[in-house]
$ cat protein-v4.cif   # mmCIF, C-alpha atoms
data_target
#
loop_
_atom_site.label_atom_id
_atom_site.label_comp_id
_atom_site.auth_asym_id
_atom_site.auth_seq_id
_atom_site.Cartn_x
_atom_site.Cartn_y
_atom_site.Cartn_z
CA MET A 20 118.68 111.72 71.52
CA HIS A 21 119.40 115.43 71.38
CA SER A 22 118.76 117.09 74.76
CA ASN A 23 116.17 119.58 73.48
CA LYS A 24 114.09 116.68 72.14
CA ASP A 25 114.08 114.67 75.40
CA GLN A 26 110.54 115.09 76.73
CA SER A 27 111.48 113.50 80.05
CA PHE A 28 112.86 116.90 81.09
CA SER A 29 109.88 119.00 79.93
CA ALA A 30 106.55 119.82 81.56
CA ASN A 31 103.85 117.93 79.66
CA ALA A 32 100.50 116.17 79.98
CA GLY A 33 102.10 113.60 82.26
CA LEU A 34 101.78 116.07 85.12
CA GLU A 35 98.02 116.24 84.57
CA HIS A 36 97.93 112.45 84.70
CA ALA A 37 99.86 112.54 87.98
CA LEU A 38 97.26 114.89 89.47
CA LYS A 39 94.43 112.58 88.40
CA LEU A 40 96.17 109.67 90.11
CA LEU A 41 96.64 111.78 93.23
CA GLN A 42 92.90 112.41 93.36
CA GLN A 43 92.00 108.76 92.74
CA VAL A 44 90.33 106.98 95.65
CA SER A 45 91.02 103.27 95.13
CA PHE A 46 93.83 101.33 93.48
CA GLU A 47 94.70 97.77 92.53
CA PRO A 48 98.46 97.18 93.10
CA HIS A 49 100.53 95.20 90.61
CA LYS A 50 103.86 93.55 91.30
CA LEU A 51 106.97 95.62 90.82
CA PRO A 52 109.95 94.29 88.83
CA LYS A 53 112.33 92.22 90.97
CA LYS A 54 115.31 93.44 88.97
CA CYS A 55 116.19 96.78 87.46
CA PRO A 56 114.55 96.72 84.01
CA ASN A 57 116.74 97.07 80.93
CA SER A 58 113.93 98.69 78.95
CA GLY A 59 111.89 101.42 80.58
CA LEU A 60 108.10 101.42 80.67
CA GLY A 61 107.80 105.14 80.05
CA GLU A 62 106.60 107.82 82.45
CA LEU A 63 102.81 107.37 82.17
CA GLU A 64 102.98 103.59 82.55
CA THR A 65 105.38 103.97 85.48
CA MET A 66 102.97 106.30 87.26
CA ASP A 67 100.15 103.80 86.77
CA LEU A 68 102.37 101.05 88.17
CA LEU A 69 103.63 103.00 91.20
CA ALA A 70 100.51 104.95 92.21
CA PRO A 71 98.80 101.92 93.81
CA HIS A 72 101.91 101.42 95.94
CA VAL A 73 102.99 104.99 96.71
CA LEU A 74 99.47 106.39 97.13
CA GLY A 75 97.37 103.31 97.80
CA ARG A 76 99.55 101.66 100.44
CA ALA A 77 100.46 104.75 102.46
CA ALA A 78 99.03 105.76 105.84
CA ARG A 79 96.55 108.56 105.24
CA LEU A 80 97.37 111.28 107.73
CA ASP A 81 94.35 113.35 106.70
CA ARG A 82 91.71 110.81 107.74
CA SER A 83 89.06 112.00 110.16
CA HIS A 84 90.27 109.65 112.91
CA ALA A 85 94.05 110.08 112.46
CA LEU A 86 95.79 111.40 115.58
CA ALA A 87 98.53 108.80 115.91
CA HIS A 88 101.83 110.54 115.25
CA MET A 89 103.55 113.93 115.05
CA ASP A 90 103.12 113.80 111.28
CA PRO A 91 100.44 116.14 109.88
CA PRO A 92 98.70 116.20 106.53
CA THR A 93 100.25 118.83 104.29
CA PRO A 94 98.43 121.69 102.52
CA TRP A 95 98.37 121.48 98.74
CA ILE A 96 100.31 124.73 98.40
CA THR A 97 103.34 122.79 99.67
CA TRP A 98 102.83 120.15 96.97
CA VAL A 99 103.07 122.88 94.35
CA ALA A 100 106.19 124.37 95.91
CA ALA A 101 107.78 120.93 96.20
CA LEU A 102 107.02 120.25 92.52
CA TRP A 103 108.61 123.55 91.53
CA ASN A 104 111.64 122.77 93.70
CA ALA A 105 112.05 119.32 92.15
CA SER A 106 111.83 120.75 88.63
CA LEU A 107 114.57 123.31 89.36
CA ASN A 108 116.77 121.16 91.63
CA GLN A 109 118.36 124.24 93.15
CA ASN A 110 121.19 124.00 95.66
CA VAL A 111 121.24 126.74 98.30
CA LEU A 112 124.98 126.15 98.66
CA HIS A 113 125.49 127.93 95.33
CA PRO A 114 124.15 131.51 94.99
CA ALA A 115 124.59 131.47 91.21
CA THR A 116 122.10 128.63 90.76
CA ALA A 117 119.68 129.41 93.59
CA PRO A 118 119.44 133.18 94.12
CA PHE A 119 115.78 133.24 95.15
CA ALA A 120 115.98 130.01 97.17
CA ILE A 121 118.66 131.64 99.33
CA GLU A 122 116.68 134.86 99.59
CA ALA A 123 113.54 132.91 100.53
CA GLU A 124 115.33 131.13 103.37
CA LYS A 125 116.69 134.38 104.78
CA LEU A 126 113.25 135.99 104.55
CA LEU A 127 111.62 133.02 106.29
CA ILE A 128 114.18 133.05 109.12
CA ASP A 129 113.70 136.81 109.49
CA TRP A 130 109.93 136.26 109.85
CA LEU A 131 110.20 133.49 112.44
CA LYS A 132 113.26 134.30 114.56
CA PRO A 133 111.57 137.07 116.64
CA PHE A 134 109.05 134.57 118.04
CA PHE A 135 111.93 132.65 119.62
CA GLY A 136 114.18 135.55 120.59
CA MET A 137 116.87 134.41 118.15
CA ASN A 138 118.69 136.57 115.60
CA GLY A 139 119.40 134.15 112.75
CA GLY A 140 119.77 130.58 111.58
CA HIS A 141 119.12 128.26 108.67
CA LEU A 142 117.02 125.31 107.52
CA CYS A 143 118.10 121.69 107.56
CA SER A 144 116.61 118.25 106.94
CA GLY A 145 114.87 117.60 110.26
CA SER A 146 115.43 118.34 113.92
CA THR A 147 117.91 115.51 114.31
CA LEU A 148 120.29 117.59 112.19
CA ALA A 149 119.14 120.81 113.88
CA ASN A 150 120.04 119.34 117.28
CA LEU A 151 123.38 118.06 116.00
CA THR A 152 124.14 121.49 114.53
CA SER A 153 123.30 123.23 117.81
CA LEU A 154 125.46 120.92 119.92
CA TRP A 155 128.28 121.31 117.41
CA ALA A 156 128.05 125.09 117.81
CA ALA A 157 128.01 124.67 121.59
CA ARG A 158 131.17 122.57 121.46
CA ASP A 159 133.20 124.71 119.07
CA ALA A 160 131.85 128.20 119.88
CA ALA A 161 131.55 127.82 123.65
CA GLY A 162 134.01 125.01 124.46
CA ILE A 163 131.31 122.65 125.74
CA LYS A 164 132.47 119.15 126.67
CA ARG A 165 129.39 117.81 128.46
CA VAL A 166 125.71 117.62 127.49
CA VAL A 167 122.94 117.35 130.09
CA ALA A 168 119.41 116.38 129.00
CA SER A 169 116.37 114.69 130.49
CA LYS A 170 115.47 111.03 130.30
CA ALA A 171 112.60 112.04 128.01
CA SER A 172 114.77 113.97 125.55
CA HIS A 173 114.77 112.91 121.92
CA LEU A 174 117.24 110.19 121.00
CA SER A 175 118.89 112.61 118.56
CA ILE A 176 120.44 114.46 121.52
CA LYS A 177 122.31 111.39 122.69
CA LYS A 178 123.24 110.62 119.08
CA ALA A 179 124.65 114.12 118.61
CA ALA A 180 126.67 113.93 121.83
CA ARG A 181 128.20 110.63 120.74
CA ILE A 182 129.00 111.90 117.23
CA LEU A 183 130.64 115.01 118.67
CA GLY A 184 132.59 113.13 121.34
CA LEU A 185 130.78 114.89 124.18
CA THR A 186 129.99 113.37 127.57
CA TYR A 187 126.27 112.76 127.90
CA GLU A 188 124.39 112.91 131.21
CA GLU A 189 120.73 111.96 131.55
CA ILE A 190 118.52 113.54 134.23
CA PRO A 191 115.40 111.73 135.54
CA THR A 192 111.96 113.20 134.88
CA ASN A 193 109.37 114.28 137.41
CA SER A 194 105.72 113.23 137.57
CA LYS A 195 104.88 115.72 134.80
CA GLY A 196 107.38 114.21 132.37
CA GLN A 197 109.72 117.21 132.69
CA MET A 198 113.40 117.24 133.52
CA ASP A 199 113.61 117.03 137.33
CA ALA A 200 115.40 120.30 138.06
CA GLU A 201 116.12 119.20 141.62
CA GLN A 202 118.43 116.52 140.21
CA LEU A 203 120.61 119.07 138.42
CA LYS A 204 124.02 119.73 139.93
CA ASN A 205 126.60 122.20 138.63
CA ILE A 206 125.65 123.13 135.06
CA SER A 207 127.84 126.22 134.68
CA ASP A 208 130.11 124.52 132.15
CA VAL A 209 127.63 122.31 130.25
CA CYS A 210 125.25 122.40 127.33
CA LEU A 211 121.84 122.05 128.94
CA VAL A 212 119.25 120.65 126.54
CA LEU A 213 115.65 121.49 127.39
CA THR A 214 112.82 119.79 125.53
CA ALA A 215 109.75 121.78 124.52
CA GLY A 216 107.35 118.97 123.72
CA THR A 217 108.65 115.50 124.55
CA THR A 218 107.89 112.76 122.05
CA ALA A 219 105.81 110.55 124.32
CA THR A 220 103.77 113.05 126.35
CA GLY A 221 104.40 116.51 124.87
CA SER A 222 105.80 117.78 128.17
CA ILE A 223 107.83 121.00 128.31
CA ASP A 224 110.90 121.19 130.52
CA SER A 225 111.06 124.25 132.76
CA LEU A 226 112.34 126.98 130.47
CA LYS A 227 113.23 129.00 133.57
CA LEU A 228 116.46 127.00 133.36
CA ALA A 229 117.34 128.58 130.01
CA GLY A 230 120.44 130.75 130.27
CA LYS A 231 121.70 129.16 133.49
CA ALA A 232 124.18 126.85 131.74
CA LYS A 233 127.18 127.78 129.61
CA TRP A 234 125.02 126.97 126.58
CA THR A 235 121.29 126.24 126.54
CA HIS A 236 119.72 124.45 123.62
CA VAL A 237 115.95 124.09 123.38
CA ASP A 238 114.72 121.17 121.32
CA ALA A 239 111.34 122.63 120.33
CA ALA A 240 110.84 120.23 117.43
CA TRP A 241 107.25 119.59 118.47
CA ALA A 242 105.97 122.55 120.48
CA GLY A 243 107.98 125.36 118.87
CA PRO A 244 105.20 126.60 116.56
CA LEU A 245 103.05 127.37 119.62
CA ARG A 246 105.18 130.52 119.96
CA LEU A 247 103.20 132.00 117.06
CA SER A 248 99.88 131.50 118.88
CA PRO A 249 98.79 134.37 121.15
CA SER A 250 96.81 131.81 123.16
CA HIS A 251 99.68 129.38 123.72
CA ALA A 252 102.95 131.31 123.31
CA HIS A 253 103.26 131.59 127.12
CA LEU A 254 103.87 127.85 127.33
CA LEU A 255 107.36 128.45 125.91
CA GLU A 256 108.12 131.60 127.88
CA GLY A 257 111.86 131.72 128.57
CA ILE A 258 112.90 130.17 125.24
CA GLU A 259 114.33 133.55 124.24
CA LYS A 260 117.13 133.05 126.81
CA ALA A 261 118.40 129.95 125.00
CA ASP A 262 121.53 130.03 122.85
CA SER A 263 120.00 127.80 120.18
CA VAL A 264 116.57 126.48 119.23
CA ALA A 265 115.48 123.63 116.93
CA VAL A 266 111.98 123.48 115.42
CA SER A 267 110.59 120.83 113.07
CA ALA A 268 108.71 122.42 110.18
CA HIS A 269 107.30 119.01 109.23
CA LYS A 270 105.28 118.84 112.43
CA TRP A 271 103.10 121.77 113.57
CA PHE A 272 104.13 123.95 110.62
CA PHE A 273 102.40 121.36 108.38
CA GLN A 274 105.33 120.96 105.98
CA PRO A 275 106.52 117.96 103.93
CA LYS A 276 109.34 115.84 105.34
CA ASP A 277 112.62 116.84 105.66
CA SER A 278 112.28 120.38 106.93
CA ALA A 279 113.46 122.00 110.17
CA LEU A 280 114.89 125.26 111.48
CA VAL A 281 117.94 125.77 113.67
CA MET A 282 118.24 129.26 115.14
CA PHE A 283 120.83 131.01 117.29
CA ARG A 284 120.75 133.95 119.68
CA GLU A 285 124.27 134.96 118.54
CA THR A 286 124.29 133.74 114.96
CA LYS A 287 127.64 135.23 113.98
CA LYS A 288 129.36 133.47 116.88
CA ALA A 289 127.63 130.17 116.12
CA ASN A 290 128.18 130.32 112.36
CA SER A 291 131.88 131.00 112.78
CA ALA A 292 132.14 127.62 114.52
CA ILE A 293 130.06 125.62 112.04
CA SER A 294 131.17 127.09 108.71
CA PHE A 295 133.58 125.71 106.15
CA GLY A 296 134.78 127.09 102.84
CA GLY A 297 136.44 125.76 99.73
CA GLY A 298 137.97 127.08 96.57
CA TYR A 299 134.92 126.03 94.59
CA LEU A 300 132.46 127.75 96.96
CA THR A 301 131.44 131.37 96.50
CA SER A 302 130.08 131.54 100.06
CA PRO A 303 130.78 129.54 103.26
CA ASN A 304 128.99 126.24 103.82
CA ILE A 305 127.17 126.73 107.13
CA GLY A 306 126.02 123.73 109.15
CA VAL A 307 126.17 119.97 108.80
CA GLN A 308 124.72 119.62 105.32
CA GLY A 309 126.50 120.49 102.12
CA SER A 310 124.20 120.52 99.14
CA ARG A 311 120.56 120.97 100.17
CA GLY A 312 117.36 121.97 98.44
CA ALA A 313 115.05 124.95 98.78
CA ALA A 314 113.06 123.65 101.79
CA ALA A 315 112.17 127.20 102.81
CA ILE A 316 109.94 127.77 99.78
CA PRO A 317 107.05 125.43 100.77
CA LEU A 318 106.92 126.98 104.26
CA LEU A 319 107.21 130.48 102.85
CA ALA A 320 104.33 129.68 100.48
CA THR A 321 102.25 128.31 103.37
CA LEU A 322 102.76 131.40 105.51
CA ILE A 323 101.96 133.72 102.60
CA ALA A 324 98.84 131.71 101.72
CA TRP A 325 97.54 131.30 105.27
CA GLY A 326 99.19 134.20 107.08
CA ARG A 327 100.11 133.89 110.73
CA ASP A 328 96.42 133.94 111.63
CA GLY A 329 95.64 130.99 109.36
CA LEU A 330 98.49 128.92 110.76
CA VAL A 331 97.56 129.76 114.34
CA GLU A 332 93.89 128.96 113.75
CA ARG A 333 94.85 125.43 112.69
CA ILE A 334 97.25 124.96 115.60
CA ASP A 335 94.69 126.27 118.10
CA ARG A 336 92.02 124.05 116.55
CA THR A 337 94.11 120.95 117.16
CA MET A 338 94.90 122.08 120.71
CA LEU A 339 91.16 122.31 121.36
CA MET A 340 90.77 118.77 120.02
CA SER A 341 93.25 117.44 122.55
CA ALA A 342 91.57 119.35 125.39
CA LYS A 343 88.15 117.96 124.42
CA LEU A 344 89.49 114.42 124.15
CA ALA A 345 91.21 114.66 127.54
CA GLU A 346 88.09 116.05 129.21
CA GLU A 347 86.02 113.19 127.82
CA LEU A 348 88.55 110.58 128.90
CA SER A 349 88.93 112.03 132.40
CA ASN A 350 85.20 111.51 132.99
CA LYS A 351 85.16 108.02 131.55
CA LYS A 352 84.97 104.88 133.69
CA GLY A 353 87.53 102.31 132.71
CA ILE A 354 90.11 104.88 131.53
CA ALA A 355 93.29 106.14 133.21
CA LEU A 356 94.44 109.53 131.92
CA TRP A 357 98.19 110.04 132.34
CA ALA A 358 97.83 113.82 132.66
CA LEU A 359 95.99 116.71 131.06
CA PRO A 360 97.71 117.52 127.74
CA THR A 361 100.10 120.46 127.64
CA THR A 362 100.93 120.58 123.94
CA GLY A 363 98.25 118.54 122.19
CA VAL A 364 99.52 115.09 123.21
CA THR A 365 97.01 113.03 125.22
CA VAL A 366 98.18 109.82 126.88
CA PHE A 367 95.78 107.30 128.43
CA ARG A 368 95.17 103.58 128.90
CA PRO A 369 92.19 101.29 129.51
CA LEU A 370 91.67 99.71 132.94
CA THR A 371 89.43 96.88 131.77
CA CYS A 372 91.72 95.32 129.16
CA ARG A 373 95.27 95.35 127.87
CA THR A 374 96.32 98.53 126.09
CA ASP A 375 97.60 96.67 123.03
CA GLU A 376 94.30 94.77 122.83
CA LEU A 377 92.31 98.02 122.67
CA HIS A 378 94.83 99.52 120.24
CA LYS A 379 94.27 96.65 117.80
CA ARG A 380 90.49 97.13 117.91
CA LEU A 381 90.66 100.84 117.10
CA PRO A 382 90.93 102.07 113.48
CA GLU A 383 94.46 101.94 112.13
CA GLY A 384 96.26 105.24 112.59
CA MET A 385 93.87 106.60 115.21
CA PHE A 386 96.39 106.39 118.06
CA SER A 387 99.94 105.21 118.64
CA THR A 388 101.45 103.68 121.78
CA CYS A 389 104.26 104.68 124.12
CA MET A 390 105.98 103.21 127.17
CA LEU A 391 105.87 105.11 130.46
CA ASP A 392 107.15 103.58 133.69
CA ASP A 393 107.25 100.15 132.03
CA GLU A 394 103.56 100.35 131.07
CA THR A 395 102.05 100.67 127.60
CA TRP A 396 99.83 103.70 127.06
CA LEU A 397 97.80 104.94 124.11
CA ARG A 398 99.01 108.23 122.64
CA SER A 399 96.98 110.77 120.71
CA VAL A 400 98.79 113.60 118.91
CA ALA A 401 96.54 116.46 117.80
CA VAL A 402 98.29 117.56 114.63
CA ASN A 403 95.60 116.80 112.06
CA PRO A 404 93.28 119.81 111.58
CA LEU A 405 90.95 117.57 109.55
CA ALA A 406 90.32 115.14 112.41
CA ASP A 407 86.76 114.71 113.67
CA ILE A 408 87.19 114.62 117.44
CA ASP A 409 83.52 113.76 118.02
CA GLU A 410 83.88 110.71 115.78
CA ILE A 411 87.04 109.68 117.62
CA ILE A 412 85.37 110.06 121.03
CA SER A 413 82.38 108.04 119.82
CA ILE A 414 84.61 105.18 118.66
CA ILE A 415 86.46 105.15 121.99
CA ASN A 416 83.20 105.21 123.92
CA ASP A 417 81.84 102.26 121.97
CA GLU A 418 84.97 100.20 122.57
CA ILE A 419 85.38 101.12 126.24
CA ASN A 420 81.67 100.61 127.01
CA TRP A 421 81.81 97.18 125.38
CA LYS A 422 84.95 96.29 127.34
CA PHE A 423 83.48 97.64 130.58
CA VAL A 424 80.33 95.51 130.18
CA LEU A 425 82.45 92.46 129.34
CA HIS A 426 84.75 93.08 132.30
CA THR A 427 81.80 93.46 134.70
CA HIS A 428 80.24 90.29 133.34
CA LYS A 429 83.44 88.36 133.99
CA LEU A 430 83.65 89.68 137.56
CA ASN A 431 80.01 88.72 138.24
CA ASN A 432 80.61 85.22 136.91
CA LYS A 433 83.58 84.78 139.25
CA LYS A 434 81.32 85.61 142.19
#

$ encode --input "protein-v4.cif" --output "structure tokens"
Amino acid sequence: MHSNKDQSFSANAGLEHALKLLQQVSFEPHKLPKKCPNSGLGELETMDLLAPHVLGRAARLDRSHALAHMDPPTPWITWVAALWNASLNQNVLHPATAPFAIEAEKLLIDWLKPFFGMNGGHLCSGSTLANLTSLWAARDAAGIKRVVASKASHLSIKKAARILGLTYEEIPTNSKGQMDAEQLKNISDVCLVLTAGTTATGSIDSLKLAGKAKWTHVDAAWAGPLRLSPSHAHLLEGIEKADSVAVSAHKWFFQPKDSALVMFRETKKANSAISFGGGYLTSPNIGVQGSRGAAAIPLLATLIAWGRDGLVERIDRTMLMSAKLAEELSNKKGIALWALPTTGVTVFRPLTCRTDELHKRLPEGMFSTCMLDDETWLRSVAVNPLADIDEIISIINDEINWKFVLHTHKLNNKK
């Protein structure tokens, strides 16, 4: 078939059908082929086959009770940008094919870097790569041979140290889930990794330590976007003294997966250590990834559509949710609250039953679990602006009240 007659590469009514499926409420899944088919079904039939699986069997992060993970629902403006990106398939490694994609990324970094005290950076596919990139820069730009991080740091830090052949040292945490600064010894020649928003509890390491090591990296994958909020920016005060910062865009920036920012205080110095060239490249390849898509465009579109105020309103709204939930739990009999939430993560457990037992009784996706001091706790992550916190509190109250009555009844029977 001649290329200009191949409708598989042209925008057509199939896209309207895709939108209808996206808006459909219920599906009936059918079995998928066990082997790669020799004859294709065609695009419309394939959408009808896959929609019940892709859309119908997925966890719905926008449900009114969903506060389980650090994965938010995404605004529809990002769906549009992602569709445009997929149709163009641009590669920011090549200026000739992606002139605006490259410009968009630079513009986005220019908008965001002042909030973190950095002077440049780039996007990559998640904070695991952002952390690896930062530690690579620390090794080759500053001669770092040892990485020091807290016990609660993300596993990507230890991964990066191993990949880079760096010695890794883990520091215990204090009662607040932060790196125990009193356990630090000589850090003058190390890369000190500080976490701004630990995975389990959302704790922020003392950023007063930033700048005291040979290289400081702040893994702000979770809490980084709080820097844009006038009400909460102070929680990350000191981050501007870091040498590098990682922020996940697919968390509190409400972006689709694989999107993160890595930023440097001295970008020229860092880039010189993490750049490679080739005869076929018109510009240096900076960072771990080679070919990569235009991930900046969905976030750029979101910030243009919402503005800083719109983004901050949604972040602040979810922070209020976590505060309200924690206040309710702290006054509830039969509940142990781990601590008041710092960055929207509330951790608690029941005292009248096993945590996993309560977790199973709650709606799927309402909460997740984590292990702290060899105990299982329930974990609520306030990243869904569409959540109904009153509904969530009501469901918890019903379950805990029922368990409390049952527990009291059992104790009375033993007497």

$ closest_residue --input "protein-v4.cif" --among "A:Ser387, A:Thr365, A:Asn304, A:Thr93" --to "Asn403 in chain A" --atoms "all atoms listed in the file"
A:Thr93

$ closest_residue --input "protein-v4.cif" --among "A:Leu397, A:Ala324, A:Lys270, A:Val364" --to "Asp90 in chain A" --atoms "all atoms listed in the file"
A:Lys270

$ resolve_selection --input "protein-v4.cif" --expression "the PyMOL selection byres ((chain A and resi 360) around 10)" --output "PyMOL selection string"
chain A and resi 220-222+338+341-342+344-346+356-359+361-366+399-400

$ closest_residue --input "protein-v4.cif" --among "A:Ala313, A:Ala149, A:Met66, A:Ala240" --to "Ala100 in chain A" --atoms "all atoms listed in the file"
A:Ala313

$ resolve_selection --input "protein-v4.cif" --expression "the PyMOL selection byres ((chain A and resi 73-84) around 12)" --output "PyMOL selection string"
chain A and resi 37-49+51+65-72+85-94+270+273+275+340+381-386+399-415

$ resolve_selection --input "protein-v4.cif" --expression "the PyMOL selection byres ((chain A and resi 307) around 8)" --output "CSV table (one decimal) with C-alpha atoms, in the frame of the given file"
chain,number,residue,atom,x,y,z
A,148,LEU,CA,120.3,117.6,112.2
A,151,LEU,CA,123.4,118.1,116.0
A,152,THR,CA,124.1,121.5,114.5
A,293,ILE,CA,130.1,125.6,112.0
A,305,ILE,CA,127.2,126.7,107.1
A,306,GLY,CA,126.0,123.7,109.2
A,308,GLN,CA,124.7,119.6,105.3
A,309,GLY,CA,126.5,120.5,102.1

$ atom_distance --input "protein-v4.cif" --atom1 "CA of Phe119 in chain A" --atom2 "CA of Ser278 in chain A"
17.8 Å

$ residues_around --input "protein-v4.cif" --residues "Leu102 in chain A" --least-positions-apart "2" --cutoff "12 Å" --atoms "all atoms listed in the file" --output "list in words"
Ala30, Leu34, Ala37, Leu38, Trp95, Ile96, Thr97, Trp98, Val99, Ala100, Asn104, Ala105, Ser106, Leu107, Asn108, Pro275, Ala313, Ala314, Ile316 and Pro317 of chain A

$ atom_distance --input "protein-v4.cif" --atom1 "CA of Ser267 in chain A" --atom2 "CA of Ser172 in chain A"
14.8 Å

$ residues_near_point --input "protein-v4.cif" --point "(102.0, 103.9, 125.3)" --cutoff "9 Å" --atoms "all atoms listed in the file" --output "NGL selection string"
:A and (219 or 366-368 or 374-375 or 387-391 or 394-398)

$ write_last_selection --input "protein-v4.cif" --atoms "C-alpha atoms" --output "short mmCIF file (atom, residue, chain, number, x, y, z; two decimals), in the coordinates of the input"
data_model
loop_
_atom_site.label_atom_id
_atom_site.label_comp_id
_atom_site.auth_asym_id
_atom_site.auth_seq_id
_atom_site.Cartn_x
_atom_site.Cartn_y
_atom_site.Cartn_z
CA ALA A 219 105.81 110.55 124.32
CA VAL A 366 98.18 109.82 126.88
CA PHE A 367 95.78 107.30 128.43
CA ARG A 368 95.17 103.58 128.90
CA THR A 374 96.32 98.53 126.09
CA ASP A 375 97.60 96.67 123.03
CA SER A 387 99.94 105.21 118.64
CA THR A 388 101.45 103.68 121.78
CA CYS A 389 104.26 104.68 124.12
CA MET A 390 105.98 103.21 127.17
CA LEU A 391 105.87 105.11 130.46
CA GLU A 394 103.56 100.35 131.07
CA THR A 395 102.05 100.67 127.60
CA TRP A 396 99.83 103.70 127.06
CA LEU A 397 97.80 104.94 124.11
CA ARG A 398 99.01 108.23 122.64
#

$ atom_distance --input "protein-v4.cif" --atom1 "CA of Met282 in chain A" --atom2 "CA of Gly139 in chain A"
5.6 Å

$ residues_near_point --input "protein-v4.cif" --point "(128.4, 127.0, 118.6)" --cutoff "8 Å" --atoms "only C-alpha atoms" --output "PyMOL selection string"
chain A and resi 153-161+288-293

$ closest_residue --input "protein-v4.cif" --among "A:Lys164, A:Lys351, A:Lys343, A:His113" --to "Tyr187 in chain A" --atoms "only C-alpha atoms"
A:Lys164

$ residues_around --input "protein-v4.cif" --residues "Ser302 in chain A" --least-positions-apart "3" --cutoff "8 Å" --atoms "all atoms listed in the file" --output "PyMOL selection string"
chain A and resi 112-114+296

$ closest_residue --input "protein-v4.cif" --among "A:Leu318, A:Ala232, A:Val111, A:Ala180" --to "Val209 in chain A" --atoms "only C-alpha atoms"
A:Ala232

$ closest_residue --input "protein-v4.cif" --among "A:Glu332, A:Asp238, A:Glu418, A:Glu201" --to "Thr218 in chain A" --atoms "all atoms listed in the file"
A:Asp238
